[in-house]
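A.B. asks: Sharing run_25.pdb, PDB, C-alpha atoms and all ligand atoms:
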```pdb
ATOM      1  CA  MET F   4      26.175 -36.675 -23.685
ATOM      2  CA  ARG F   5      25.023 -33.014 -23.725
ATOM      3  CA  ARG F   6      21.399 -34.201 -23.550
ATOM      4  CA  ILE F   7      22.155 -36.360 -20.514
ATOM      5  CA  CYS F   8      23.798 -33.359 -18.784
ATOM      6  CA  ALA F   9      20.757 -31.178 -19.532
ATOM      7  CA  VAL F  10      18.414 -33.788 -18.059
ATOM      8  CA  LEU F  11      20.636 -34.170 -14.971
ATOM      9  CA  VAL F  12      20.755 -30.368 -14.494
ATOM     10  CA  ALA F  13      16.967 -30.133 -14.815
ATOM     11  CA  MET F  14      16.505 -32.986 -12.333
ATOM     12  CA  PHE F  15      18.939 -31.347  -9.892
ATOM     13  CA  ALA F  16      17.105 -28.018 -10.220
ATOM     14  CA  PHE F  17      13.763 -29.730  -9.595
ATOM     15  CA  VAL F  18      15.060 -31.671  -6.592
ATOM     16  CA  SER F  19      16.816 -28.629  -5.062
ATOM     17  CA  SER F  20      13.700 -26.484  -5.545
ATOM     18  CA  ALA F  21      11.475 -29.148  -3.985
ATOM     19  CA  ASP F  22      14.033 -29.624  -1.224
ATOM     20  CA  ALA F  23      14.111 -25.845  -0.608
ATOM     21  CA  ALA F  24      10.326 -25.777  -0.366
ATOM     22  CA  ASP F  25      10.367 -28.676   2.095
ATOM     23  CA  THR F  26      12.741 -26.896   4.463
ATOM     24  CA  TYR F  27      11.284 -23.386   3.998
ATOM     25  CA  PRO F  28      11.865 -21.189   5.886
ATOM     26  CA  SER F  29      15.275 -22.194   7.154
ATOM     27  CA  ARG F  30      16.481 -18.599   7.778
ATOM     28  CA  ALA F  31      15.163 -15.030   8.242
ATOM     29  CA  ILE F  32      12.686 -13.642   5.711
ATOM     30  CA  THR F  33      13.048 -10.028   4.541
ATOM     31  CA  VAL F  34       9.975  -8.008   3.603
ATOM     32  CA  ILE F  35      10.839  -4.961   1.524
ATOM     33  CA  VAL F  36       8.536  -2.075   2.493
ATOM     34  CA  PRO F  37       8.985   0.570  -0.223
ATOM     35  CA  PHE F  38       8.241   3.541   2.038
ATOM     36  CA  ALA F  39       9.838   5.149   5.090
ATOM     37  CA  ALA F  40       9.547   3.703   8.571
ATOM     38  CA  GLY F  41       6.701   5.138  10.598
ATOM     39  CA  GLY F  42       4.200   5.279   7.751
ATOM     40  CA  PRO F  43       1.094   3.165   7.187
ATOM     41  CA  SER F  44       2.787   0.522   5.033
ATOM     42  CA  ASP F  45       5.563   0.092   7.580
ATOM     43  CA  ALA F  46       3.103   0.009  10.491
ATOM     44  CA  MET F  47       0.893  -2.669   8.920
ATOM     45  CA  MET F  48       3.839  -4.891   8.011
ATOM     46  CA  ARG F  49       5.354  -4.628  11.487
ATOM     47  CA  ILE F  50       2.086  -5.762  13.059
ATOM     48  CA  LEU F  51       1.825  -8.704  10.650
ATOM     49  CA  GLY F  52       5.520  -9.596  10.863
ATOM     50  CA  GLU F  53       5.410  -9.995  14.632
ATOM     51  CA  HIS F  54       2.786 -12.723  14.292
ATOM     52  CA  MET F  55       4.201 -14.318  11.125
ATOM     53  CA  ARG F  56       7.501 -14.882  12.945
ATOM     54  CA  GLN F  57       5.676 -17.158  15.425
ATOM     55  CA  THR F  58       4.014 -19.173  12.663
ATOM     56  CA  LEU F  59       7.085 -19.463  10.421
ATOM     57  CA  GLY F  60       9.611 -19.967  13.207
ATOM     58  CA  GLN F  61      12.050 -17.549  11.606
ATOM     59  CA  PRO F  62      12.590 -13.772  11.965
ATOM     60  CA  VAL F  63      10.533 -11.626   9.593
ATOM     61  CA  LEU F  64      12.737  -8.586   8.962
ATOM     62  CA  ILE F  65      11.520  -5.327   7.445
ATOM     63  CA  GLU F  66      13.765  -3.417   5.094
ATOM     64  CA  ASN F  67      12.560   0.086   4.142
ATOM     65  CA  VAL F  68      13.785   0.701   0.589
ATOM     66  CA  THR F  69      12.353   4.083  -0.433
ATOM     67  CA  GLY F  70      12.181   6.407  -3.412
ATOM     68  CA  ALA F  71      10.319   6.980  -6.684
ATOM     69  CA  GLY F  72       6.858   6.376  -5.250
ATOM     70  CA  GLY F  73       7.894   2.972  -3.914
ATOM     71  CA  SER F  74       9.097   1.641  -7.282
ATOM     72  CA  ILE F  75      12.732   1.338  -6.168
ATOM     73  CA  GLY F  76      11.819  -0.978  -3.308
ATOM     74  CA  VAL F  77       9.516  -3.058  -5.465
ATOM     75  CA  GLY F  78      12.284  -3.360  -8.094
ATOM     76  CA  ARG F  79      14.689  -4.601  -5.439
ATOM     77  CA  ALA F  80      12.208  -7.357  -4.503
ATOM     78  CA  VAL F  81      11.365  -8.242  -8.122
ATOM     79  CA  HIS F  82      15.049  -8.820  -8.931
ATOM     80  CA  SER F  83      15.768 -10.900  -5.819
ATOM     81  CA  ALA F  84      16.035 -14.704  -5.813
ATOM     82  CA  PRO F  85      12.652 -16.474  -6.179
ATOM     83  CA  ASP F  86      13.254 -18.468  -2.964
ATOM     84  CA  GLY F  87      10.709 -16.930  -0.579
ATOM     85  CA  TYR F  88      13.322 -15.071   1.476
ATOM     86  CA  THR F  89      12.563 -11.686  -0.089
ATOM     87  CA  VAL F  90       8.937 -10.514  -0.076
ATOM     88  CA  SER F  91       7.480  -7.363  -1.658
ATOM     89  CA  PHE F  92       4.994  -5.338   0.405
ATOM     90  CA  GLY F  93       2.944  -2.978  -1.717
ATOM     91  CA  HIS F  94      -0.403  -1.531  -2.518
ATOM     92  CA  LEU F  95      -2.600   0.241  -5.067
ATOM     93  CA  GLY F  96       0.155   2.804  -5.598
ATOM     94  CA  THR F  97       3.229   0.612  -5.952
ATOM     95  CA  HIS F  98       1.691  -2.439  -7.628
ATOM     96  CA  VAL F  99      -0.807  -0.607  -9.873
ATOM     97  CA  ALA F 100      -0.229   3.154 -10.273
ATOM     98  CA  ASN F 101       3.563   3.023 -10.610
ATOM     99  CA  GLY F 102       3.142   1.067 -13.835
ATOM    100  CA  ALA F 103       1.331   4.081 -15.345
ATOM    101  CA  VAL F 104       3.787   6.671 -14.000
ATOM    102  CA  TYR F 105       7.274   5.191 -14.449
ATOM    103  CA  LYS F 106       9.178   3.239 -17.070
ATOM    104  CA  LEU F 107       9.696   0.413 -14.604
ATOM    105  CA  GLY F 108      12.536  -2.108 -15.108
ATOM    106  CA  TYR F 109       9.968  -4.828 -14.417
ATOM    107  CA  ASP F 110       6.401  -5.860 -15.169
ATOM    108  CA  LEU F 111       4.070  -5.528 -12.180
ATOM    109  CA  VAL F 112       2.076  -8.599 -13.214
ATOM    110  CA  ALA F 113       4.465 -10.808 -15.216
ATOM    111  CA  ASP F 114       7.430 -10.508 -12.823
ATOM    112  CA  LEU F 115       5.614 -11.039  -9.516
ATOM    113  CA  GLU F 116       3.618 -13.834  -7.875
ATOM    114  CA  PRO F 117       0.727 -12.565  -5.737
ATOM    115  CA  VAL F 118       0.716 -14.016  -2.216
ATOM    116  CA  VAL F 119      -2.154 -12.450  -0.274
ATOM    117  CA  LEU F 120      -4.431  -9.397  -0.100
ATOM    118  CA  LEU F 121      -3.972  -7.442   3.133
ATOM    119  CA  PRO F 122      -6.387  -5.122   4.975
ATOM    120  CA  SER F 123      -7.570  -1.983   3.236
ATOM    121  CA  ASN F 124      -8.785   1.453   4.216
ATOM    122  CA  PRO F 125     -10.379   4.513   2.677
ATOM    123  CA  MET F 126      -8.310   7.669   2.274
ATOM    124  CA  ILE F 127      -8.914  10.588   4.622
ATOM    125  CA  ILE F 128      -8.714  14.295   3.778
ATOM    126  CA  VAL F 129      -6.699  15.986   6.521
ATOM    127  CA  SER F 130      -5.201  19.452   6.966
ATOM    128  CA  LYS F 131      -2.939  21.302   9.358
ATOM    129  CA  THR F 132      -4.935  22.803  12.250
ATOM    130  CA  ALA F 133      -4.114  26.365  11.113
ATOM    131  CA  VAL F 134      -6.458  25.985   8.124
ATOM    132  CA  PRO F 135      -9.581  28.062   9.024
ATOM    133  CA  ALA F 136     -12.068  25.459   7.747
ATOM    134  CA  LYS F 137     -14.360  23.343   9.903
ATOM    135  CA  SER F 138     -16.004  21.317   7.135
ATOM    136  CA  LEU F 139     -15.078  19.889   3.749
ATOM    137  CA  LYS F 140     -17.125  22.565   1.996
ATOM    138  CA  GLU F 141     -15.297  25.292   3.935
ATOM    139  CA  LEU F 142     -11.972  23.601   3.116
ATOM    140  CA  LEU F 143     -12.733  23.589  -0.611
ATOM    141  CA  ALA F 144     -13.781  27.261  -0.457
ATOM    142  CA  TRP F 145     -10.596  28.135   1.441
ATOM    143  CA  MET F 146      -8.446  26.267  -1.096
ATOM    144  CA  LYS F 147     -10.128  28.053  -4.004
ATOM    145  CA  ALA F 148      -9.504  31.412  -2.294
ATOM    146  CA  GLN F 149      -5.743  30.844  -1.948
ATOM    147  CA  PRO F 150      -3.452  32.804  -4.332
ATOM    148  CA  ARG F 151      -1.624  29.588  -5.287
ATOM    149  CA  PRO F 152      -2.237  25.822  -5.009
ATOM    150  CA  VAL F 153      -1.974  24.526  -1.433
ATOM    151  CA  ALA F 154       0.895  22.199  -0.471
ATOM    152  CA  ALA F 155      -0.218  18.561  -0.415
ATOM    153  CA  GLY F 156       2.138  15.958   1.049
ATOM    154  CA  THR F 157       2.576  12.651  -0.787
ATOM    155  CA  ALA F 158       4.853   9.598  -0.704
ATOM    156  CA  GLY F 159       6.118  10.462  -4.193
ATOM    157  CA  ASN F 160       4.726  10.241  -7.731
ATOM    158  CA  GLY F 161       2.635   7.119  -8.120
ATOM    159  CA  SER F 162       2.152   6.601  -4.392
ATOM    160  CA  GLY F 163      -1.280   6.046  -2.921
ATOM    161  CA  SER F 164      -1.414   9.568  -1.499
ATOM    162  CA  HIS F 165      -0.368  10.997  -4.858
ATOM    163  CA  ILE F 166      -3.041   9.061  -6.796
ATOM    164  CA  ALA F 167      -5.578  10.193  -4.214
ATOM    165  CA  GLY F 168      -4.433  13.773  -4.813
ATOM    166  CA  LEU F 169      -4.862  13.416  -8.577
ATOM    167  CA  TYR F 170      -8.348  12.026  -8.046
ATOM    168  CA  PHE F 171      -9.123  14.888  -5.630
ATOM    169  CA  GLU F 172      -8.009  17.438  -8.257
ATOM    170  CA  GLN F 173     -10.185  15.718 -10.858
ATOM    171  CA  VAL F 174     -13.380  15.745  -8.753
ATOM    172  CA  THR F 175     -12.916  19.240  -7.278
ATOM    173  CA  GLY F 176     -11.205  21.090 -10.124
ATOM    174  CA  ILE F 177      -8.748  22.430  -7.522
ATOM    175  CA  LYS F 178      -5.018  22.131  -8.321
ATOM    176  CA  LEU F 179      -2.589  20.905  -5.655
ATOM    177  CA  GLN F 180       1.114  21.631  -5.212
ATOM    178  CA  TYR F 181       2.571  18.187  -4.427
ATOM    179  CA  VAL F 182       5.333  17.877  -1.839
ATOM    180  CA  PRO F 183       6.910  14.411  -2.119
ATOM    181  CA  TYR F 184       8.319  12.525   0.871
ATOM    182  CA  ARG F 185       9.815   9.057   1.284
ATOM    183  CA  GLY F 186       6.565   7.989   2.876
ATOM    184  CA  THR F 187       3.468   9.490   4.454
ATOM    185  CA  GLY F 188       4.999   8.972   7.875
ATOM    186  CA  PRO F 189       7.414  11.891   7.299
ATOM    187  CA  ALA F 190       4.701  13.811   5.404
ATOM    188  CA  LEU F 191       2.386  13.547   8.413
ATOM    189  CA  ASN F 192       5.094  14.894  10.728
ATOM    190  CA  ASP F 193       5.290  18.006   8.542
ATOM    191  CA  LEU F 194       1.502  18.340   8.467
ATOM    192  CA  VAL F 195       1.393  18.262  12.270
ATOM    193  CA  ALA F 196       4.148  20.901  12.285
ATOM    194  CA  GLY F 197       2.179  23.046   9.834
ATOM    195  CA  GLN F 198       4.908  22.843   7.138
ATOM    196  CA  ILE F 199       2.423  21.598   4.554
ATOM    197  CA  ASP F 200      -1.327  22.235   4.270
ATOM    198  CA  LEU F 201      -3.014  18.938   3.389
ATOM    199  CA  ILE F 202      -2.677  15.221   2.747
ATOM    200  CA  VAL F 203      -5.188  12.857   1.155
ATOM    201  CA  ASP F 204      -3.777  10.141   3.332
ATOM    202  CA  GLN F 205      -4.444   6.550   4.282
ATOM    203  CA  THR F 206      -6.871   6.661   7.215
ATOM    204  CA  SER F 207      -4.605   4.269   9.145
ATOM    205  CA  ASN F 208      -1.779   6.793   8.973
ATOM    206  CA  SER F 209      -3.607   9.946  10.067
ATOM    207  CA  ILE F 210      -6.236   8.595  12.417
ATOM    208  CA  ASN F 211      -4.243   8.833  15.647
ATOM    209  CA  GLN F 212      -3.118  12.401  14.943
ATOM    210  CA  VAL F 213      -6.756  13.288  14.219
ATOM    211  CA  ARG F 214      -7.799  11.761  17.548
ATOM    212  CA  ALA F 215      -5.042  13.775  19.265
ATOM    213  CA  GLY F 216      -6.287  17.021  17.685
ATOM    214  CA  ALA F 217      -2.909  17.546  15.978
ATOM    215  CA  ILE F 218      -4.475  17.694  12.508
ATOM    216  CA  ARG F 219      -8.013  18.176  11.227
ATOM    217  CA  ALA F 220     -10.045  15.551   9.347
ATOM    218  CA  TYR F 221     -12.808  16.453   6.897
ATOM    219  CA  ALA F 222     -14.034  13.198   5.350
ATOM    220  CA  VAL F 223     -13.165   9.614   4.436
ATOM    221  CA  THR F 224     -13.331   8.492   0.797
ATOM    222  CA  ASP F 225     -16.025   5.861   1.293
ATOM    223  CA  ASP F 226     -19.804   5.533   1.379
ATOM    224  CA  LYS F 227     -19.727   4.374   5.031
ATOM    225  CA  ARG F 228     -17.976   5.794   8.062
ATOM    226  CA  VAL F 229     -14.899   4.105   9.529
ATOM    227  CA  GLU F 230     -16.058   1.877  12.416
ATOM    228  CA  SER F 231     -13.349   3.090  14.814
ATOM    229  CA  ALA F 232     -13.774   6.763  13.814
ATOM    230  CA  PRO F 233     -17.554   7.272  13.537
ATOM    231  CA  GLU F 234     -17.207  11.017  14.108
ATOM    232  CA  ILE F 235     -15.602  11.546  10.681
ATOM    233  CA  PRO F 236     -18.166  12.001   7.867
ATOM    234  CA  THR F 237     -17.985  10.291   4.497
ATOM    235  CA  VAL F 238     -17.334  12.317   1.360
ATOM    236  CA  ASP F 239     -20.955  11.614   0.386
ATOM    237  CA  GLU F 240     -22.162  13.326   3.574
ATOM    238  CA  ALA F 241     -19.568  16.125   3.475
ATOM    239  CA  GLY F 242     -20.157  17.401  -0.057
ATOM    240  CA  LEU F 243     -17.932  15.380  -2.439
ATOM    241  CA  PRO F 244     -20.322  12.543  -3.304
ATOM    242  CA  GLY F 245     -18.740   9.611  -5.147
ATOM    243  CA  PHE F 246     -15.119  10.538  -4.331
ATOM    244  CA  HIS F 247     -14.506   6.938  -3.221
ATOM    245  CA  MET F 248     -11.073   5.348  -3.048
ATOM    246  CA  THR F 249      -9.963   2.245  -1.158
ATOM    247  CA  LEU F 250      -6.240   1.781  -0.584
ATOM    248  CA  TRP F 251      -5.622  -1.967  -0.361
ATOM    249  CA  SER F 252      -2.239  -3.556   0.357
ATOM    250  CA  GLY F 253      -0.740  -6.927  -0.467
ATOM    251  CA  LEU F 254       2.307  -9.174  -0.501
ATOM    252  CA  TRP F 255       4.089 -10.508  -3.587
ATOM    253  CA  VAL F 256       7.188 -12.615  -4.289
ATOM    254  CA  PRO F 257       9.355 -12.809  -7.417
ATOM    255  CA  LYS F 258       8.004 -14.831 -10.331
ATOM    256  CA  GLY F 259       9.183 -18.416 -10.171
ATOM    257  CA  THR F 260       8.945 -18.759  -6.409
ATOM    258  CA  PRO F 261       7.801 -22.373  -5.721
ATOM    259  CA  LYS F 262       4.052 -22.655  -5.165
ATOM    260  CA  GLU F 263       4.602 -24.454  -1.835
ATOM    261  CA  ILE F 264       6.521 -21.434  -0.561
ATOM    262  CA  VAL F 265       3.812 -19.001  -1.756
ATOM    263  CA  GLU F 266       1.259 -21.174   0.071
ATOM    264  CA  ARG F 267       3.384 -21.236   3.260
ATOM    265  CA  LEU F 268       3.607 -17.433   3.288
ATOM    266  CA  ASN F 269      -0.101 -17.098   2.461
ATOM    267  CA  GLN F 270      -1.058 -19.330   5.399
ATOM    268  CA  ALA F 271       1.235 -17.448   7.792
ATOM    269  CA  VAL F 272      -0.456 -14.143   6.888
ATOM    270  CA  ILE F 273      -3.923 -15.663   7.216
ATOM    271  CA  ALA F 274      -2.985 -16.928  10.685
ATOM    272  CA  ALA F 275      -1.917 -13.373  11.575
ATOM    273  CA  LEU F 276      -5.098 -11.822  10.148
ATOM    274  CA  ASN F 277      -7.203 -14.279  12.162
ATOM    275  CA  ASP F 278      -5.390 -13.433  15.418
ATOM    276  CA  SER F 279      -7.653 -11.386  17.720
ATOM    277  CA  ASP F 280      -4.906  -8.979  18.813
ATOM    278  CA  VAL F 281      -3.811  -8.325  15.218
ATOM    279  CA  ARG F 282      -7.436  -7.781  14.178
ATOM    280  CA  LYS F 283      -8.006  -5.296  17.032
ATOM    281  CA  ARG F 284      -4.846  -3.326  16.183
ATOM    282  CA  MET F 285      -5.795  -3.187  12.508
ATOM    283  CA  LYS F 286      -9.381  -2.125  13.205
ATOM    284  CA  ASP F 287      -8.251   0.567  15.664
ATOM    285  CA  LEU F 288      -6.264   2.023  12.752
ATOM    286  CA  GLY F 289      -9.394   2.128  10.613
ATOM    287  CA  LEU F 290      -8.332  -0.859   8.504
ATOM    288  CA  GLN F 291     -10.954  -3.201   7.092
ATOM    289  CA  MET F 292     -10.063  -6.890   7.242
ATOM    290  CA  THR F 293      -9.936  -8.832   3.994
ATOM    291  CA  PRO F 294     -12.984 -11.095   3.449
ATOM    292  CA  GLN F 295     -11.964 -14.761   3.894
ATOM    293  CA  ASP F 296     -12.803 -15.629   0.275
ATOM    294  CA  GLN F 297     -10.397 -12.908  -0.916
ATOM    295  CA  LEU F 298      -7.343 -14.323   0.849
ATOM    296  CA  THR F 299      -6.093 -16.572  -1.964
ATOM    297  CA  PRO F 300      -3.128 -15.575  -4.156
ATOM    298  CA  GLU F 301      -5.459 -15.716  -7.152
ATOM    299  CA  ALA F 302      -7.780 -13.140  -5.547
ATOM    300  CA  LEU F 303      -4.925 -10.646  -5.154
ATOM    301  CA  GLY F 304      -3.826 -11.250  -8.728
ATOM    302  CA  ALA F 305      -7.355 -10.668 -10.045
ATOM    303  CA  LEU F 306      -7.736  -7.474  -7.982
ATOM    304  CA  GLN F 307      -4.390  -6.113  -9.161
ATOM    305  CA  ARG F 308      -5.310  -6.650 -12.814
ATOM    306  CA  ALA F 309      -8.766  -5.101 -12.338
ATOM    307  CA  GLU F 310      -7.282  -2.044 -10.581
ATOM    308  CA  ILE F 311      -4.748  -1.569 -13.378
ATOM    309  CA  ALA F 312      -7.637  -1.438 -15.858
ATOM    310  CA  LYS F 313      -9.525   0.985 -13.589
ATOM    311  CA  TRP F 314      -6.793   3.460 -12.615
ATOM    312  CA  TRP F 315      -4.294   3.565 -15.473
ATOM    313  CA  PRO F 316      -6.459   5.689 -17.852
ATOM    314  CA  MET F 317      -6.915   8.476 -15.248
ATOM    315  CA  ILE F 318      -3.256   8.391 -14.180
ATOM    316  CA  LYS F 319      -1.923   8.399 -17.760
ATOM    317  CA  ALA F 320      -4.279  11.257 -18.659
ATOM    318  CA  ALA F 321      -2.637  13.293 -15.868
ATOM    319  CA  ARG F 322       0.678  13.075 -17.813
ATOM    320  CA  ILE F 323       2.806  12.902 -14.672
ATOM    321  CA  SER F 324       6.406  13.882 -15.331
ATOM    322  CA  THR F 325       9.007  11.833 -13.460
ATOM    323  CA  GLU F 326      12.021  13.753 -14.827
TER     324      GLU F 326
HETATM  325  C1  LIG F 401       1.283   6.015   0.146
HETATM  326  O1  LIG F 401       0.880   7.193   0.179
HETATM  327  O2  LIG F 401       1.559   5.377  -0.884
HETATM  328  C2  LIG F 401       1.564   5.323   1.441
HETATM  329  O3  LIG F 401       0.677   5.756   2.415
HETATM  330  C3  LIG F 401       2.991   5.648   1.798
HETATM  331  C4  LIG F 401       3.444   4.984   3.068
HETATM  332  O4  LIG F 401       2.963   3.870   3.382
HETATM  333  O5  LIG F 401       4.293   5.604   3.726
END
```
Take the structure in the file and write it out as structure tokens.
Ligand code: MLT

C.D. replies:
Amino acid sequence: MRRICAVLVAMFAFVSSADAADTYPSRAITVIVPFAAGGPSDAMMRILGEHMRQTLGQPVLIENVTGAGGSIGVGRAVHSAPDGYTVSFGHLGTHVANGAVYKLGYDLVADLEPVVLLPSNPMIIVSKTAVPAKSLKELLAWMKAQPRPVAAGTAGNGSGSHIAGLYFEQVTGIKLQYVPYRGTGPALNDLVAGQIDLIVDQTSNSINQVRAGAIRAYAVTDDKRVESAPEIPTVDEAGLPGFHMTLWSGLWVPKGTPKEIVERLNQAVIAALNDSDVRKRMKDLGLQMTPQDQLTPEALGALQRAEIAKWWPMIKAARISTE
């Protein structure tokens, strides 16, 4: 009798899961962005969500769940129902670095299903305009001449801007005094106001304030200039050769989400990324579109695992305290 019940329960679970996939999405989808509104993660997801809503026929809502370098928001998504109605937005910081910084209540690979790789961008070294440096070499000399480490804004330990800062310290030998925010949107506001000195920021976040002359840019962390900002030199040209870092973003859902639902979400993002208006808005922000052959869930999974292998040794060697 007990065996018959178990078989019936399993059959019901299979049918209800298949049924759920068939009717997906039947209500609003929430994307958890683990950083404050107004930052680069939030901006990218809002652009994508507007188009995804048309394809999916349901609202795509953004919930900013901040704190602990993005790991609180990711945890919220990881522990949500695997039904496709809660999606985790993240990037190199949240879905790679955080695993080397925090004792997470989840496994970044085992507890998440990759959905799709989103556009990426190099980091950009920017300062408040009061800094008396007109080139990267002058900036480094100025930093070395200061009586104490300069204040560098980040989105918290383990965030992309924090990892970029660690890498910057490693290649220059110059210590930074980190000032954590709930996202680099708020950090940038303080940089414009002159409250902090520097951010190694996502290009997409700082680029418009650079164009407005509200902050100063020194270089992008790539071996080629950003197409929409050709006036900004690369680190190779500006005197920090090889200081390359690409901040890529992606979407994940909880482990166990039906494959058909992962595929539905993947296709809705691809439709957005192929839309000419979305592409223009992304490129204007200095974002590089994902190559078509890298848009499968498997490609994001492979990248995430490769980046864990690449970045964890450097991050762990930095012995970041999260107490
Ligand atoms: C980061 O530094 O991790 C992100 O740029 C933060 C954000 O998107 O606000």

A.B. asks: Ranking F:Tyr88, F:Tyr105, F:Tyr184, F:Trp255 by minimum distance to ligand LIG 401 (chain F) and counting only C-alpha atoms and all ligand atoms, which one comes first?

C.D. replies: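 Among the listed residues, F:Tyr184 lies closest to ligand LIG 401 (chain F).
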
A.B. asks: To one decimal place in Å, what is the distance between atom CA of F:Tyr221 and atom CA of F:Gly41?

C.D. replies: 22.9 Å

A.B. asks: Could you tell me, as a list in words, exactly which residues end up selected when the PyMOL selection byres (((not hetatm)) within 7 of (chain F and resi 401)) is applied to this structure?

C.D. replies: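 Checked against the file, the PyMOL selection byres (((not hetatm)) within 7 of (chain F and resi 401)) matches Phe38, Ala39, Gly42, Pro43, Ser44, Asp45, Gly72, Gly96, Thr157, Ala158, Ser162, Gly163, Ser164, His165, Arg185, Gly186, Thr187, Gly188, Asp204 and Gln205 of chain F.
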
A.B. asks: Let me know the residues the PyMOL selection byres (((chain F and resi 243) around 10) and not hetatm) catches in the file above, as an NGL selection string.

C.D. replies: :F and (139-140 or 143 or 171 or 174-175 or 222 or 224 or 237-242 or 244-247)

A.B. asks: Compile the contact shell of F:Met317 as a ChimeraX atom specification: residues with an atom at most 10 Å away, counting all atoms listed in the file, same-chain residues fewer than 3 positions apart removed.

C.D. replies: /F:100,103,166,169-170,173,312-314,320-322

A.B. asks: Counting only C-alpha atoms, which residue out of F:Gln212, F:Gln57, F:Thr293, F:Ser91 sits closest to F:Thr132?

C.D. replies: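 Looking only at the distances to F:Thr132, the closest residue turns out to be F:Gln212.
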
A.B. asks: One number please: atom CA of F:Thr26 to atom CA of F:Val10, in Å, one decimal.

C.D. replies: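 So the answer is 24.2 Å.
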
A.B. asks: Run through the PyMOL selection byres (((chain F and resi 73) around 10) and not hetatm) on the given coordinates and return the selected residues as a PyMOL selection string.

C.D. replies: chain F and resi 36-39+67-72+74-78+92-94+96-98+101+158-163+185-186

A.B. asks: Which residue out of F:Lys286, F:Arg151, F:His54, F:Lys319 has the minimum interatomic distance to F:Leu268 when only C-alpha atoms are used?

C.D. replies: F:His54
